[in-house]
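What follows is entry.cif (mmCIF, N, CA and C atoms).
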data_structure
loop_
_atom_site.label_atom_id
_atom_site.label_comp_id
_atom_site.auth_asym_id
_atom_site.auth_seq_id
_atom_site.Cartn_x
_atom_site.Cartn_y
_atom_site.Cartn_z
N MET A 1 -41.96 -20.85 22.90
CA MET A 1 -40.68 -21.41 22.54
C MET A 1 -40.20 -20.85 21.21
N SER A 2 -41.09 -20.58 20.28
CA SER A 2 -40.69 -20.03 18.99
C SER A 2 -40.10 -18.64 19.14
N ASP A 3 -40.57 -17.88 20.18
CA ASP A 3 -39.98 -16.56 20.43
C ASP A 3 -38.53 -16.70 20.87
N LEU A 4 -38.24 -17.71 21.65
CA LEU A 4 -36.89 -17.96 22.11
C LEU A 4 -35.97 -18.28 20.93
N VAL A 5 -36.45 -19.11 20.03
CA VAL A 5 -35.68 -19.49 18.84
C VAL A 5 -35.48 -18.27 17.95
N ALA A 6 -36.54 -17.51 17.76
CA ALA A 6 -36.44 -16.31 16.93
C ALA A 6 -35.45 -15.31 17.53
N ASP A 7 -35.45 -15.16 18.84
CA ASP A 7 -34.50 -14.27 19.51
C ASP A 7 -33.06 -14.74 19.31
N ARG A 8 -32.85 -16.04 19.42
CA ARG A 8 -31.50 -16.58 19.21
C ARG A 8 -31.04 -16.35 17.78
N ILE A 9 -31.96 -16.55 16.84
CA ILE A 9 -31.63 -16.32 15.42
C ILE A 9 -31.29 -14.85 15.19
N GLU A 10 -32.08 -13.95 15.77
CA GLU A 10 -31.82 -12.52 15.64
C GLU A 10 -30.45 -12.14 16.21
N ARG A 11 -30.12 -12.68 17.37
CA ARG A 11 -28.83 -12.39 17.99
C ARG A 11 -27.68 -12.94 17.13
N ALA A 12 -27.89 -14.12 16.59
CA ALA A 12 -26.87 -14.72 15.73
C ALA A 12 -26.67 -13.88 14.47
N LEU A 13 -27.78 -13.43 13.87
CA LEU A 13 -27.68 -12.58 12.69
C LEU A 13 -26.96 -11.26 13.01
N GLN A 14 -27.25 -10.71 14.19
CA GLN A 14 -26.59 -9.47 14.60
C GLN A 14 -25.07 -9.69 14.75
N ARG A 15 -24.68 -10.81 15.33
CA ARG A 15 -23.24 -11.11 15.47
C ARG A 15 -22.59 -11.28 14.11
N ILE A 16 -23.29 -11.94 13.20
CA ILE A 16 -22.76 -12.12 11.84
C ILE A 16 -22.60 -10.77 11.15
N GLU A 17 -23.59 -9.90 11.24
CA GLU A 17 -23.51 -8.58 10.62
C GLU A 17 -22.38 -7.75 11.23
N THR A 18 -22.23 -7.82 12.54
CA THR A 18 -21.16 -7.08 13.22
C THR A 18 -19.80 -7.59 12.76
N ALA A 19 -19.65 -8.89 12.67
CA ALA A 19 -18.38 -9.46 12.22
C ALA A 19 -18.09 -9.09 10.77
N ALA A 20 -19.11 -9.10 9.93
CA ALA A 20 -18.93 -8.73 8.52
C ALA A 20 -18.53 -7.27 8.39
N GLN A 21 -19.13 -6.39 9.18
CA GLN A 21 -18.76 -4.98 9.15
C GLN A 21 -17.32 -4.78 9.62
N ALA A 22 -16.93 -5.48 10.66
CA ALA A 22 -15.56 -5.38 11.16
C ALA A 22 -14.56 -5.86 10.12
N LYS A 23 -14.89 -6.94 9.45
CA LYS A 23 -14.02 -7.48 8.40
C LYS A 23 -13.91 -6.50 7.24
N ALA A 24 -15.03 -5.91 6.84
CA ALA A 24 -15.02 -4.94 5.75
C ALA A 24 -14.19 -3.71 6.12
N PHE A 25 -14.33 -3.24 7.36
CA PHE A 25 -13.56 -2.09 7.83
C PHE A 25 -12.07 -2.42 7.82
N ALA A 26 -11.70 -3.60 8.32
CA ALA A 26 -10.30 -4.00 8.37
C ALA A 26 -9.72 -4.13 6.96
N THR A 27 -10.50 -4.68 6.05
CA THR A 27 -10.04 -4.83 4.67
C THR A 27 -9.83 -3.47 4.02
N ALA A 28 -10.77 -2.55 4.21
CA ALA A 28 -10.64 -1.22 3.64
C ALA A 28 -9.42 -0.50 4.22
N ARG A 29 -9.21 -0.65 5.51
CA ARG A 29 -8.06 -0.01 6.16
C ARG A 29 -6.76 -0.58 5.59
N LEU A 30 -6.70 -1.88 5.42
CA LEU A 30 -5.52 -2.51 4.86
C LEU A 30 -5.26 -2.05 3.43
N GLU A 31 -6.32 -1.91 2.64
CA GLU A 31 -6.18 -1.45 1.26
C GLU A 31 -5.65 -0.01 1.22
N ARG A 32 -6.13 0.85 2.14
CA ARG A 32 -5.63 2.23 2.19
C ARG A 32 -4.16 2.27 2.57
N ARG A 33 -3.78 1.47 3.57
CA ARG A 33 -2.38 1.42 3.99
C ARG A 33 -1.50 0.88 2.87
N ASN A 34 -1.99 -0.12 2.15
CA ASN A 34 -1.24 -0.70 1.05
C ASN A 34 -1.02 0.35 -0.06
N ALA A 35 -2.06 1.11 -0.38
CA ALA A 35 -1.94 2.14 -1.41
C ALA A 35 -0.95 3.22 -0.99
N LEU A 36 -0.99 3.62 0.27
CA LEU A 36 -0.06 4.62 0.77
C LEU A 36 1.37 4.11 0.70
N LEU A 37 1.58 2.89 1.13
CA LEU A 37 2.91 2.30 1.09
C LEU A 37 3.40 2.15 -0.34
N ARG A 38 2.54 1.72 -1.22
CA ARG A 38 2.91 1.58 -2.63
C ARG A 38 3.34 2.93 -3.21
N GLY A 39 2.63 3.98 -2.88
CA GLY A 39 3.00 5.31 -3.36
C GLY A 39 4.35 5.75 -2.82
N ARG A 40 4.60 5.48 -1.56
CA ARG A 40 5.90 5.84 -0.97
C ARG A 40 7.03 5.06 -1.62
N ILE A 41 6.81 3.79 -1.86
CA ILE A 41 7.85 2.97 -2.48
C ILE A 41 8.11 3.43 -3.91
N GLU A 42 7.06 3.72 -4.66
CA GLU A 42 7.24 4.20 -6.03
C GLU A 42 8.02 5.52 -6.04
N SER A 43 7.73 6.40 -5.10
CA SER A 43 8.43 7.67 -5.00
C SER A 43 9.90 7.44 -4.66
N ALA A 44 10.17 6.55 -3.72
CA ALA A 44 11.55 6.27 -3.33
C ALA A 44 12.34 5.67 -4.49
N ILE A 45 11.71 4.78 -5.24
CA ILE A 45 12.38 4.18 -6.40
C ILE A 45 12.67 5.23 -7.46
N ALA A 46 11.74 6.13 -7.69
CA ALA A 46 11.96 7.20 -8.66
C ALA A 46 13.12 8.09 -8.21
N ASP A 47 13.18 8.40 -6.91
CA ASP A 47 14.28 9.20 -6.39
C ASP A 47 15.61 8.48 -6.57
N LEU A 48 15.63 7.19 -6.29
CA LEU A 48 16.86 6.40 -6.48
C LEU A 48 17.26 6.35 -7.95
N ASP A 49 16.31 6.17 -8.84
CA ASP A 49 16.60 6.16 -10.28
C ASP A 49 17.23 7.49 -10.71
N ALA A 50 16.68 8.60 -10.23
CA ALA A 50 17.22 9.92 -10.58
C ALA A 50 18.64 10.08 -10.02
N LEU A 51 18.87 9.64 -8.82
CA LEU A 51 20.20 9.73 -8.21
C LEU A 51 21.20 8.89 -8.98
N ILE A 52 20.83 7.68 -9.35
CA ILE A 52 21.71 6.81 -10.12
C ILE A 52 22.02 7.43 -11.47
N ALA A 53 21.02 8.02 -12.11
CA ALA A 53 21.23 8.65 -13.42
C ALA A 53 22.20 9.83 -13.29
N ARG A 54 22.04 10.65 -12.24
CA ARG A 54 22.97 11.78 -12.03
C ARG A 54 24.39 11.29 -11.79
N GLU A 55 24.53 10.26 -10.98
CA GLU A 55 25.85 9.72 -10.68
C GLU A 55 26.48 9.12 -11.94
N ALA A 56 25.68 8.48 -12.76
CA ALA A 56 26.21 7.91 -14.00
C ALA A 56 26.67 9.01 -14.95
N GLU A 57 25.94 10.11 -15.00
CA GLU A 57 26.35 11.24 -15.84
C GLU A 57 27.65 11.84 -15.34
N ASN A 58 27.80 11.97 -14.03
CA ASN A 58 29.01 12.55 -13.44
C ASN A 58 30.21 11.62 -13.59
N ALA A 59 29.98 10.34 -13.73
CA ALA A 59 31.07 9.37 -13.82
C ALA A 59 31.58 9.21 -15.24
N GLN A 60 30.89 9.76 -16.23
CA GLN A 60 31.31 9.65 -17.63
C GLN A 60 32.63 10.40 -17.83
N PRO A 61 33.62 9.78 -18.46
CA PRO A 61 34.87 10.51 -18.74
C PRO A 61 34.60 11.59 -19.78
N GLU A 62 35.28 12.70 -19.61
CA GLU A 62 35.12 13.78 -20.57
C GLU A 62 35.83 13.42 -21.86
N PRO A 63 35.25 13.78 -23.01
CA PRO A 63 35.90 13.44 -24.28
C PRO A 63 37.23 14.20 -24.40
N ALA A 64 38.21 13.53 -24.99
CA ALA A 64 39.52 14.14 -25.17
C ALA A 64 39.47 15.14 -26.32
N ASP A 65 40.18 16.25 -26.14
CA ASP A 65 40.28 17.23 -27.23
C ASP A 65 41.21 16.68 -28.31
N ASP A 66 40.98 17.08 -29.56
CA ASP A 66 41.83 16.63 -30.65
C ASP A 66 43.25 17.16 -30.50
N GLU A 67 43.41 18.33 -29.87
CA GLU A 67 44.76 18.91 -29.69
C GLU A 67 45.59 18.06 -28.76
N ASP A 68 44.98 17.49 -27.73
CA ASP A 68 45.72 16.69 -26.76
C ASP A 68 46.11 15.33 -27.34
N ALA A 69 45.41 14.89 -28.37
CA ALA A 69 45.65 13.57 -28.92
C ALA A 69 46.94 13.54 -29.75
N GLY A 70 47.42 14.63 -30.27
CA GLY A 70 48.54 14.61 -31.21
C GLY A 70 49.77 15.05 -30.63
#

Write out the structure in this file as structure tokens.
Amino acid sequence: MSDLVADRIERALQRIETAAQAKAFATARLERRNALLRGRIESAIADLDALIAREAENAQPEPADDEDAG
């Protein structure tokens, strides 16, 4: 009977280890996807910032010449 109990314990431990490995794999995968997405978002924001800066520079009125003022 103790062999039966030991076998059940071994099977239970194996299921626990398998579940822990699956959880660790899923967590690592999620962290990689999160890092990739974060990098893409940071790049997109930098591109938008550059575009906004260029548009702001182009929208600035040109300074008036002193000759035109008088």

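Rounded to one decimal, atom CA of A:Ala50 and atom CA of A:Leu36 lie 21.3 Å from each other.
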
- Task: Tell me, in Å to one decimal, how far atom N of A:Ala64 is from atom C of A:Ile52.
- Result: 22.0 Å

- Message: What's the separation between atom CA of A:Lys23 and atom CA of A:Ile9, in Å to one decimal place?
- Response: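 Interatomic distance here is 20.9 Å.
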
4 Å per side around stretch 26-30 of chain A: axis-aligned box centre and edge lengths, as lines of an AutoDock Vina configuration file:
center_x = -8.5
center_y = -2.4
center_z = 5.9
size_x = 14.4
size_y = 12.8
size_z = 12.9
